[in-house]
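Notes follow the structure.
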Amino acid sequence: MAETAWEWDETLYAGSAHHYSVGRLPYPPELVDAIRTALDLDGTGRLLDVGCGPGSLTLLLAPLFEAAVGVDPDRDMLAEAQRRAAESGATAVEWRHLRAEALPADLGTFRVATFAQSFHWMDRPLVARRVRDMLAPDGAWVHVSATTHQGVTGNDDRLPYPRPPWPQITELVARYLGPVRRAGQGSLPAGTPSGEGEIMLAAGFTGPTRVTVEQGMVVERPVDEIVSAVFSLSSSAPHLFGDRRPAFEADLRELLTATARDGRFAERRRDIDIVIWRP
């Protein structure tokens, strides 16, 4: 495939919604406690979760507020979020199908706006300005920086099962899709952009305040979960493989089965960084 400059398109996570729910490690309860304490939340106000995906963070934080709104441009992700909300009995959450660039979309004012593994996909200067205007004067923008598809890298002899063979998985994806990172209909040869701090200051925010949620807990993960973790990534979303997807999945499962023990892997959870900006 010829290298194509990246711009957002609706296929970014096409086919990944179910895999996202299965293959991503859930955010820990300690994240709720850290955000509650850092922002002195008391059950009042509203939450806006931007780029909410299948609602992983939205549903976790919703009990801290009177109401919550999750927005995402992927209909399948929102359908998965609605399913998970129904399963958990969450009733004070609204889901809206729209891009962050379309905000404020008459959604009103919020006490907190959260971004988790999503801001880098957006027109960041535009979204920062628009969301700032949606926050209450004493509100906060919260960026949850986490890697949830895999655990801590490196050797760890204390794990009860082998670590998933992530380097070999990366090589297998490249064998099918090429060496340049894919994303939607384009590619990201240099990866996703950085420089969030300068963008936030230019938009009029102050801060940031940083909080780290330390984890280190060991989790066991079956082969099916690692398969879903791979398909949950924009760089290896199911649609990218086209009619070669069955062959890729067969090769992936063969690799995982050969390296697992009794069909299981183990990983140590990564720490989560919380970056808080004030309007």
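Residue numbering restarts at 1 for every chain of the structure tokens, chains are lettered A, B, ... in their displayed order, and ligands are numbered from 1 as they appear.
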
For stretch 43-55 of chain A, find every residue with an atom within 6 Å (counting only C-alpha atoms), except residues of its own chain fewer than 6 positions away, and show them as an MDAnalysis selection string. chainID A and resid 64:72 77:78 80:81 110:115 118

Hey, can you spit out that residue selection with all heavy atoms as a short mmCIF file (atom, residue, chain, number, x, y, z; two decimals), in the first residue's frame?
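What ended up in result_22.cif:
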data_model
loop_
_atom_site.label_atom_id
_atom_site.label_comp_id
_atom_site.auth_asym_id
_atom_site.auth_seq_id
_atom_site.Cartn_x
_atom_site.Cartn_y
_atom_site.Cartn_z
N LEU A 64 -19.99 9.52 40.01
CA LEU A 64 -19.45 10.70 40.71
C LEU A 64 -20.21 11.97 40.37
O LEU A 64 -19.92 13.03 40.95
CB LEU A 64 -17.97 10.89 40.37
CG LEU A 64 -17.01 9.72 40.68
CD1 LEU A 64 -15.60 10.10 40.27
CD2 LEU A 64 -17.08 9.35 42.15
N PHE A 65 -21.17 11.89 39.44
CA PHE A 65 -21.85 13.09 38.94
C PHE A 65 -23.36 12.88 38.93
O PHE A 65 -23.86 11.76 39.06
CB PHE A 65 -21.38 13.38 37.50
CG PHE A 65 -19.91 13.63 37.39
CD1 PHE A 65 -19.01 12.58 37.22
CD2 PHE A 65 -19.40 14.93 37.45
CE1 PHE A 65 -17.66 12.80 37.10
CE2 PHE A 65 -18.04 15.16 37.35
CZ PHE A 65 -17.16 14.10 37.18
N GLU A 66 -24.08 14.00 38.75
CA GLU A 66 -25.53 13.91 38.59
C GLU A 66 -25.90 13.22 37.28
O GLU A 66 -26.89 12.48 37.21
CB GLU A 66 -26.14 15.31 38.61
CG GLU A 66 -26.00 16.06 39.92
CD GLU A 66 -26.47 17.50 39.80
OE1 GLU A 66 -27.13 17.81 38.78
OE2 GLU A 66 -26.19 18.30 40.70
N ALA A 67 -25.12 13.50 36.24
CA ALA A 67 -25.39 12.94 34.92
C ALA A 67 -24.10 12.95 34.12
O ALA A 67 -23.15 13.67 34.44
CB ALA A 67 -26.48 13.75 34.20
N ALA A 68 -24.06 12.13 33.07
CA ALA A 68 -22.88 12.04 32.22
C ALA A 68 -23.30 11.95 30.77
O ALA A 68 -24.37 11.42 30.44
CB ALA A 68 -22.04 10.82 32.60
N VAL A 69 -22.44 12.49 29.88
CA VAL A 69 -22.65 12.41 28.44
C VAL A 69 -21.38 11.86 27.82
O VAL A 69 -20.28 12.39 28.05
CB VAL A 69 -22.97 13.79 27.83
CG1 VAL A 69 -23.15 13.67 26.32
CG2 VAL A 69 -24.22 14.39 28.48
N GLY A 70 -21.52 10.79 27.03
CA GLY A 70 -20.39 10.26 26.28
C GLY A 70 -20.59 10.54 24.80
O GLY A 70 -21.68 10.29 24.27
N VAL A 71 -19.57 11.09 24.16
CA VAL A 71 -19.66 11.38 22.72
C VAL A 71 -18.57 10.62 21.98
O VAL A 71 -17.44 10.49 22.47
CB VAL A 71 -19.56 12.90 22.44
CG1 VAL A 71 -20.63 13.66 23.20
CG2 VAL A 71 -18.19 13.45 22.78
N ASP A 72 -18.92 10.12 20.80
CA ASP A 72 -17.96 9.38 19.99
C ASP A 72 -18.45 9.37 18.55
O ASP A 72 -19.67 9.34 18.31
CB ASP A 72 -17.81 7.94 20.50
CG ASP A 72 -16.51 7.29 20.03
OD1 ASP A 72 -16.50 6.75 18.90
OD2 ASP A 72 -15.51 7.37 20.77
N MET A 77 -19.13 1.74 18.48
CA MET A 77 -18.63 1.97 19.84
C MET A 77 -19.77 2.43 20.74
O MET A 77 -19.90 1.98 21.90
CB MET A 77 -17.52 3.03 19.82
CG MET A 77 -16.21 2.54 19.23
SD MET A 77 -15.33 1.41 20.34
CE MET A 77 -13.76 1.27 19.47
N LEU A 78 -20.62 3.31 20.25
CA LEU A 78 -21.72 3.80 21.08
C LEU A 78 -22.74 2.70 21.34
O LEU A 78 -23.32 2.64 22.43
CB LEU A 78 -22.39 5.00 20.40
CG LEU A 78 -21.55 6.27 20.34
CD1 LEU A 78 -22.29 7.36 19.60
CD2 LEU A 78 -21.16 6.75 21.74
N GLU A 80 -22.02 -0.42 21.69
CA GLU A 80 -21.39 -1.22 22.73
C GLU A 80 -21.50 -0.51 24.08
O GLU A 80 -21.75 -1.14 25.11
CB GLU A 80 -19.92 -1.48 22.38
CG GLU A 80 -19.17 -2.38 23.33
CD GLU A 80 -19.61 -3.83 23.30
OE1 GLU A 80 -20.43 -4.21 22.43
OE2 GLU A 80 -19.16 -4.58 24.18
N ALA A 81 -21.33 0.82 24.09
CA ALA A 81 -21.47 1.59 25.32
C ALA A 81 -22.89 1.48 25.87
O ALA A 81 -23.09 1.30 27.09
CB ALA A 81 -21.11 3.05 25.07
N PHE A 110 -20.51 21.69 31.75
CA PHE A 110 -20.07 20.49 32.46
C PHE A 110 -19.07 20.86 33.55
O PHE A 110 -18.31 21.82 33.42
CB PHE A 110 -19.42 19.51 31.49
CG PHE A 110 -20.39 18.95 30.49
CD1 PHE A 110 -20.65 19.63 29.31
CD2 PHE A 110 -21.05 17.76 30.73
CE1 PHE A 110 -21.55 19.13 28.39
CE2 PHE A 110 -21.96 17.25 29.82
CZ PHE A 110 -22.21 17.94 28.64
N ARG A 111 -19.09 20.06 34.60
CA ARG A 111 -18.11 20.25 35.67
C ARG A 111 -16.75 19.67 35.29
O ARG A 111 -15.71 20.22 35.62
CB ARG A 111 -18.61 19.58 36.95
CG ARG A 111 -17.68 19.78 38.14
CD ARG A 111 -18.32 19.34 39.44
NE ARG A 111 -17.44 19.62 40.58
CZ ARG A 111 -17.75 19.38 41.84
NH1 ARG A 111 -18.94 18.86 42.13
NH2 ARG A 111 -16.89 19.65 42.80
N VAL A 112 -16.79 18.53 34.57
CA VAL A 112 -15.55 17.85 34.18
C VAL A 112 -15.69 17.34 32.75
O VAL A 112 -16.75 16.81 32.37
CB VAL A 112 -15.23 16.67 35.12
CG1 VAL A 112 -14.02 15.88 34.63
CG2 VAL A 112 -15.00 17.17 36.55
N ALA A 113 -14.63 17.49 31.96
CA ALA A 113 -14.53 16.86 30.65
C ALA A 113 -13.34 15.91 30.68
O ALA A 113 -12.25 16.30 31.10
CB ALA A 113 -14.34 17.90 29.55
N THR A 114 -13.55 14.68 30.26
CA THR A 114 -12.48 13.69 30.27
C THR A 114 -12.12 13.26 28.86
O THR A 114 -12.97 13.19 27.97
CB THR A 114 -12.88 12.44 31.09
OG1 THR A 114 -14.16 11.97 30.65
CG2 THR A 114 -12.94 12.75 32.57
N PHE A 115 -10.85 12.98 28.67
CA PHE A 115 -10.31 12.45 27.42
C PHE A 115 -9.40 11.28 27.80
O PHE A 115 -8.44 11.47 28.54
CB PHE A 115 -9.49 13.50 26.67
CG PHE A 115 -10.29 14.65 26.13
CD1 PHE A 115 -10.79 15.63 26.98
CD2 PHE A 115 -10.54 14.76 24.77
CE1 PHE A 115 -11.52 16.70 26.48
CE2 PHE A 115 -11.27 15.82 24.25
CZ PHE A 115 -11.76 16.79 25.11
N SER A 118 -7.84 9.43 23.47
CA SER A 118 -8.68 9.93 22.38
C SER A 118 -8.24 11.26 21.80
O SER A 118 -8.44 11.51 20.62
CB SER A 118 -10.13 10.06 22.87
OG SER A 118 -10.25 11.02 23.92
#

Got a sec: who's within 12 Å of A:Pro238, counting only C-alpha atoms, leaving out chain neighbours fewer than 2 positions off, as a PyMOL selection string? chain A and resi 11-20+173+176-177+182-184+227-236+240-249

DSSP on the backbone: what in stretch 53-177 of chain A comes out strand (DSSP E), as a VMD selection string? chain A and resid 67 to 72 93 to 97 110 to 116 135 to 145

Expected file: the selected residues, N, CA, C and O atoms, as a compact mmCIF listing (two decimals), in the first residue's frame:
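After the write, part33.txt holds the following:
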# COMPACT_ATOMS: atom_id res chain seq x y z
N ALA A 67 -25.12 13.50 36.24
CA ALA A 67 -25.39 12.94 34.92
C ALA A 67 -24.10 12.95 34.12
O ALA A 67 -23.15 13.67 34.44
N ALA A 68 -24.06 12.13 33.07
CA ALA A 68 -22.88 12.04 32.22
C ALA A 68 -23.30 11.95 30.77
O ALA A 68 -24.37 11.42 30.44
N VAL A 69 -22.44 12.49 29.88
CA VAL A 69 -22.65 12.41 28.44
C VAL A 69 -21.38 11.86 27.82
O VAL A 69 -20.28 12.39 28.05
N GLY A 70 -21.52 10.79 27.03
CA GLY A 70 -20.39 10.26 26.28
C GLY A 70 -20.59 10.54 24.80
O GLY A 70 -21.68 10.29 24.27
N VAL A 71 -19.57 11.09 24.16
CA VAL A 71 -19.66 11.38 22.72
C VAL A 71 -18.57 10.62 21.98
O VAL A 71 -17.44 10.49 22.47
N ASP A 72 -18.92 10.12 20.80
CA ASP A 72 -17.96 9.38 19.99
C ASP A 72 -18.45 9.37 18.55
O ASP A 72 -19.67 9.34 18.31
N VAL A 93 -26.82 8.33 32.02
CA VAL A 93 -25.79 8.54 31.01
C VAL A 93 -26.45 8.67 29.65
O VAL A 93 -27.31 7.87 29.28
N GLU A 94 -26.04 9.70 28.91
CA GLU A 94 -26.54 9.93 27.55
C GLU A 94 -25.40 9.70 26.58
O GLU A 94 -24.25 10.07 26.85
N TRP A 95 -25.71 9.10 25.43
CA TRP A 95 -24.69 8.83 24.42
C TRP A 95 -25.03 9.62 23.17
O TRP A 95 -26.15 9.59 22.68
N ARG A 96 -24.02 10.33 22.64
CA ARG A 96 -24.24 11.16 21.46
C ARG A 96 -23.23 10.81 20.37
O ARG A 96 -22.03 10.73 20.62
N HIS A 97 -23.77 10.59 19.15
CA HIS A 97 -22.93 10.25 18.01
C HIS A 97 -22.47 11.54 17.34
O HIS A 97 -23.22 12.18 16.59
N PHE A 110 -20.51 21.69 31.75
CA PHE A 110 -20.07 20.49 32.46
C PHE A 110 -19.07 20.86 33.55
O PHE A 110 -18.31 21.82 33.42
N ARG A 111 -19.09 20.06 34.60
CA ARG A 111 -18.11 20.25 35.67
C ARG A 111 -16.75 19.67 35.29
O ARG A 111 -15.71 20.22 35.62
N VAL A 112 -16.79 18.53 34.57
CA VAL A 112 -15.55 17.85 34.18
C VAL A 112 -15.69 17.34 32.75
O VAL A 112 -16.75 16.81 32.37
N ALA A 113 -14.63 17.49 31.96
CA ALA A 113 -14.53 16.86 30.65
C ALA A 113 -13.34 15.91 30.68
O ALA A 113 -12.25 16.30 31.10
N THR A 114 -13.55 14.68 30.26
CA THR A 114 -12.48 13.69 30.27
C THR A 114 -12.12 13.26 28.86
O THR A 114 -12.97 13.19 27.97
N PHE A 115 -10.85 12.98 28.67
CA PHE A 115 -10.31 12.45 27.42
C PHE A 115 -9.40 11.28 27.80
O PHE A 115 -8.44 11.47 28.54
N ALA A 116 -9.71 10.10 27.30
CA ALA A 116 -8.90 8.92 27.61
C ALA A 116 -8.51 8.24 26.31
O ALA A 116 -9.37 7.70 25.61
N LEU A 135 -16.93 24.23 29.93
CA LEU A 135 -16.67 23.92 31.33
C LEU A 135 -17.16 25.04 32.26
O LEU A 135 -17.07 26.22 31.92
N ALA A 136 -17.66 24.65 33.41
CA ALA A 136 -18.01 25.62 34.45
C ALA A 136 -16.74 26.34 34.90
O ALA A 136 -15.63 25.82 34.74
N PRO A 137 -16.88 27.55 35.47
CA PRO A 137 -15.69 28.30 35.90
C PRO A 137 -14.78 27.52 36.83
O PRO A 137 -13.56 27.70 36.81
N ASP A 138 -15.36 26.65 37.66
CA ASP A 138 -14.54 25.84 38.57
C ASP A 138 -14.36 24.42 38.05
O ASP A 138 -14.04 23.50 38.80
N GLY A 139 -14.56 24.24 36.74
CA GLY A 139 -14.49 22.91 36.15
C GLY A 139 -13.08 22.45 35.87
O GLY A 139 -12.09 23.11 36.23
N ALA A 140 -12.97 21.31 35.21
CA ALA A 140 -11.65 20.73 34.94
C ALA A 140 -11.70 19.88 33.68
O ALA A 140 -12.70 19.22 33.38
N TRP A 141 -10.59 19.91 32.97
CA TRP A 141 -10.32 19.00 31.85
C TRP A 141 -9.40 17.92 32.40
O TRP A 141 -8.36 18.22 33.00
N VAL A 142 -9.75 16.67 32.21
CA VAL A 142 -8.97 15.56 32.74
C VAL A 142 -8.52 14.67 31.59
O VAL A 142 -9.35 14.10 30.88
N HIS A 143 -7.22 14.56 31.41
CA HIS A 143 -6.66 13.66 30.40
C HIS A 143 -6.16 12.42 31.11
O HIS A 143 -5.24 12.50 31.94
N VAL A 144 -6.76 11.27 30.81
CA VAL A 144 -6.34 10.00 31.38
C VAL A 144 -5.40 9.33 30.38
O VAL A 144 -5.81 8.92 29.30
N SER A 145 -4.14 9.27 30.74
CA SER A 145 -3.11 8.72 29.86
C SER A 145 -2.83 7.28 30.28
O SER A 145 -2.29 7.04 31.37

Could you check which of A:Met122, A:Met134, A:Val32, A:Ala128 is closest to A:Ala105, using only C-alpha atoms? A:Met134

Any idea what the distance is between atom CA of A:Glu101 and atom CA of A:Val127?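 Computing the Euclidean distance for atom CA of A:Glu101 and atom CA of A:Val127 yields 5.7 Å.
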
Of the candidates A:Ala202, A:Leu256, A:Ala86, A:Ile35, which one gets nearest to A:Ile276 if we count only C-alpha atoms?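 For A:Ile276, the nearest of the given residues is A:Ile35.
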
Closest to A:Pro193 among A:Arg83, A:Gly23, A:Arg36, A:Arg124, using only C-alpha atoms?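 Among A:Arg83, A:Gly23, A:Arg36, A:Arg124, it is A:Arg124 that comes nearest to A:Pro193.
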
Judged by only C-alpha atoms, the minimum distance to A:Ala146 among A:Asp133, A:Glu7, A:Glu214, A:Asp42 is found for A:Glu214

So how many Å separate atom CA of A:Leu57 and atom CA of A:Glu10, to one decimal?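 Calculated distance between atom CA of A:Leu57 and atom CA of A:Glu10 is 21.4 Å.
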